[in-house]
Each structure stands twice: as C-alpha cells, then as structure tokens.
Amino acid sequence: PIDSILLQGMVVNGFKRGSKELGVPTANLDLSSENMSKISHLLPGVYSGTVEFITYETNKDELLEKFGENFASVKLRTAISIGWNPSYDNSHRTIEAYILEEFDNDFYGESLKINLTHYIRAESNYSSLDHLIMAIHNDIETTKHIVSIE
Ligand code: ADP
Ligand code: MG
C-alpha cells in the first residue's frame with residue numbers, strides 16, 4: 001500500500017497502440033500541472049486503485065444500465081500505468097488507467113477521479129508481446145485481490 005494519491009482529469013486520446021485489441025484499453029488522463037506535481041515523486045510503474053466518473057455525458061445510459069440509479073457514486077477497481085510519454089521525448093509523464101469493468105462505449109472527454117492506493121510493479125520493457133500480456137493480466141489479478149471497494 002502507499003499513501004493514497006488522488007488524481008483528477010479528462011480522458012484524452014492516446015496512441016491507440018493496440019491496447020483495445022489486447023483487451024486492455026487504457027483511459028489516458030490529461031496531464032494538468034496539478035496531476036504532474038502529484039505524480040512527480042512516484043516511481044514509474046503500475047499502481048492499483050479505484051476510479052469514479054465525475055462526468056458522464058457520453059456514457060450515462062451505459063452507466064445507468066450497469067450500476068443503476070447510484071451510478072454516479074460507484075467506485076471501480078483500476079490498474080494504472082504511470083510512465084513516460086515518447087511523443088515529448090519522454091519528458092512528460094503519462095497516466096493510463098485500465099478499469100476492471102467492460103464497457104460497450106468509449107468515454108473520451110469524461111472526467112475521472114482516480115485514487116492510487118497500491119504500487120504493484122516497476123515499469124519494464126518486455127521482450128515479447130506475450131510477456132507484456134502476461135504482466136498485464138497479472139496486474140489485473142493483483143488489483144482484484146488488493147483493492148477493496150467499500
Ligand atoms: P487510447 O490510446 O486513445 O488511450 P485505448 O486503446 O487505450 O486508446 O482505449 C482507451 C479508451 O477505451 C478509453 O479512453 C475509453 O474511452 C475506452 N474504454 C472502454 N473500456 C475501458 C476500460 N475498461 N478501461 C479503460 N478505458 C476503456
Ligand atoms: Mg490508452
């Protein structure tokens with residue numbers, strides 16, 4: 001566990017590097033200066049935590065259908081990768097959250113509140129796609145076990 005860190009931001013476009021195809025889409029959070037300073041001291045790697053939708057203009061119907069009338073206060077488990085952005089010469093951090101829930105619709109533009117509660121592993125370059133996929137599945141299993149939703 002870590003001292004929990006609260007991040008808030010909008011879901012922006014990433015590189016679409018096949019994460020959806022791998023079955024693990026990641027909601028990329030925009031990097032406000034506030035988020036930047038909050039993660040500046042964190043080790044790059046994978047974290048676990050919870051996520052809530054702060055806005056839901058594009059996906060309200062789906063959230064309503066999935067979680068009922070209280071959808072706005074629903075917390076979901078998430079595995080978050082905190083890394084470096086290659087398009088800025090690795091000088092900018094990236095925050096990408098895989099939410100442990102299946103959604104039919106994208107939710108670009110919505111605001112999320114992410115609470116980082118655990119550090120799972122360091123960032124690493126896997127030599128094969130298979131190994132990366134195994135690592136991601138392991139992150140998801142770990143997140144299921146260590147993050148409790150009250
Ligand atoms: P990008 O490179 O634009 O981030 P991804 O392939 O990583 O593209 O897909 C991310 C998008 O998929 C998110 O922005 C969100 O709109 C959607 N999405 C659907 N289901 C999920 C999920 N369970 N977790 C995270 N994002 C999801
Ligand atoms: Mg992504």
# chains A, B, ... in the order shown; residues from 1 in each chain; ligands from 1

$ residues_near_ligand --ligand "ligand 2" --cutoff "6 Å" --atoms "only C-alpha atoms and all ligand atoms" --output "ChimeraX atom specification"
/A:14,25-28,96

$ write_last_selection --atoms "N, CA and C atoms" --output "PDB file, in the first residue's frame"
ATOM      1  N   GLY A  14      -4.942   8.645 -26.782  1.00  0.00           N
ATOM      2  CA  GLY A  14      -3.568   8.177 -26.711  1.00  0.00           C
ATOM      3  C   GLY A  14      -3.120   7.737 -28.088  1.00  0.00           C
ATOM      4  N   PRO A  25      -7.981  -1.788 -22.827  1.00  0.00           N
ATOM      5  CA  PRO A  25      -7.962  -0.361 -23.172  1.00  0.00           C
ATOM      6  C   PRO A  25      -7.567   0.442 -21.946  1.00  0.00           C
ATOM      7  N   THR A  26      -6.815   1.502 -22.143  1.00  0.00           N
ATOM      8  CA  THR A  26      -6.430   2.350 -21.016  1.00  0.00           C
ATOM      9  C   THR A  26      -6.936   3.766 -21.240  1.00  0.00           C
ATOM     10  N   ALA A  27      -7.654   4.275 -20.269  1.00  0.00           N
ATOM     11  CA  ALA A  27      -8.114   5.653 -20.326  1.00  0.00           C
ATOM     12  C   ALA A  27      -6.927   6.544 -19.976  1.00  0.00           C
ATOM     13  N   ASN A  28      -6.461   7.325 -20.959  1.00  0.00           N
ATOM     14  CA  ASN A  28      -5.314   8.211 -20.741  1.00  0.00           C
ATOM     15  C   ASN A  28      -5.800   9.514 -20.125  1.00  0.00           C
ATOM     16  N   GLU A  96      -2.254   6.195 -17.388  1.00  0.00           N
ATOM     17  CA  GLU A  96      -3.210   5.393 -18.155  1.00  0.00           C
ATOM     18  C   GLU A  96      -3.893   4.401 -17.236  1.00  0.00           C
TER      19      GLU A  96
END

$ residues_around --residues "stretch 19-24 of chain A" --least-positions-apart "3" --cutoff "8 Å" --atoms "only C-alpha atoms" --output "compact mmCIF listing (two decimals) with N, CA and C atoms, in the first residue's frame"
# COMPACT_ATOMS: atom_id res chain seq x y z
N LYS A 16 -3.38 4.75 -29.32
CA LYS A 16 -4.16 3.60 -29.79
C LYS A 16 -3.23 2.46 -30.18
N TYR A 98 -6.54 1.27 -16.74
CA TYR A 98 -7.43 0.21 -17.20
C TYR A 98 -8.46 -0.02 -16.11
N ILE A 133 1.58 -9.13 -22.16
CA ILE A 133 0.18 -9.50 -21.91
C ILE A 133 0.07 -10.27 -20.58

$ residues_near_ligand --ligand "ligand 1" --cutoff "12 Å" --atoms "only C-alpha atoms and all ligand atoms" --output "ChimeraX atom specification"
/A:9-30,50-53,56,58-59,62-63,76-81,85,94-112,140

$ atom_distance --atom1 "atom CA of A:Leu6" --atom2 "atom CA of A:Tyr47"
12.4 Å

$ select_by_dssp --residues "stretch 12-139 of chain A" --states "strand (DSSP E or B)" --output "number ranges by chain"
A: 12, 27-29, 45-53, 76-85, 92-99, 111-122

$ atom_distance --atom1 "atom CA of A:Leu43" --atom2 "atom CA of A:Leu7"
15.6 Å

$ closest_residue --among "A:Ile120, A:Leu31, A:Leu64, A:Ile39" --to "A:Asn138" --atoms "only C-alpha atoms"
A:Ile120

$ closest_residue --among "A:Ser4, A:Ser73, A:Thr55, A:Ser127" --to "A:Lys38" --atoms "only C-alpha atoms"
A:Ser4

$ closest_residue --among "A:Thr142, A:Ser48, A:Gln8, A:Ser91" --to "A:Tyr119" --atoms "only C-alpha atoms"
A:Ser48

$ select_by_dssp --residues "stretch 8-118 of chain A" --states "alpha helix (DSSP H)" --output "number ranges by chain"
A: 33-39, 60-67

$ write_last_selection --atoms "C-alpha atoms" --output "mmCIF file, in the first residue's frame"
data_model
loop_
_atom_site.group_PDB
_atom_site.id
_atom_site.type_symbol
_atom_site.label_atom_id
_atom_site.label_comp_id
_atom_site.auth_asym_id
_atom_site.auth_seq_id
_atom_site.Cartn_x
_atom_site.Cartn_y
_atom_site.Cartn_z
ATOM 1 C CA SER A 33 0.003 20.689 -13.721
ATOM 2 C CA GLU A 34 -1.729 19.510 -10.590
ATOM 3 C CA ASN A 35 -1.578 15.863 -11.638
ATOM 4 C CA MET A 36 2.003 16.332 -12.773
ATOM 5 C CA SER A 37 3.140 17.558 -9.412
ATOM 6 C CA LYS A 38 1.228 14.824 -7.626
ATOM 7 C CA ILE A 39 2.959 12.067 -9.588
ATOM 8 C CA LYS A 60 -24.621 7.947 -18.894
ATOM 9 C CA ASP A 61 -27.034 5.405 -20.357
ATOM 10 C CA GLU A 62 -24.497 2.629 -20.087
ATOM 11 C CA LEU A 63 -23.545 3.516 -16.500
ATOM 12 C CA LEU A 64 -27.207 3.714 -15.560
ATOM 13 C CA GLU A 65 -27.879 0.333 -17.097
ATOM 14 C CA LYS A 66 -24.854 -1.276 -15.430
ATOM 15 C CA PHE A 67 -24.970 0.230 -11.966
#
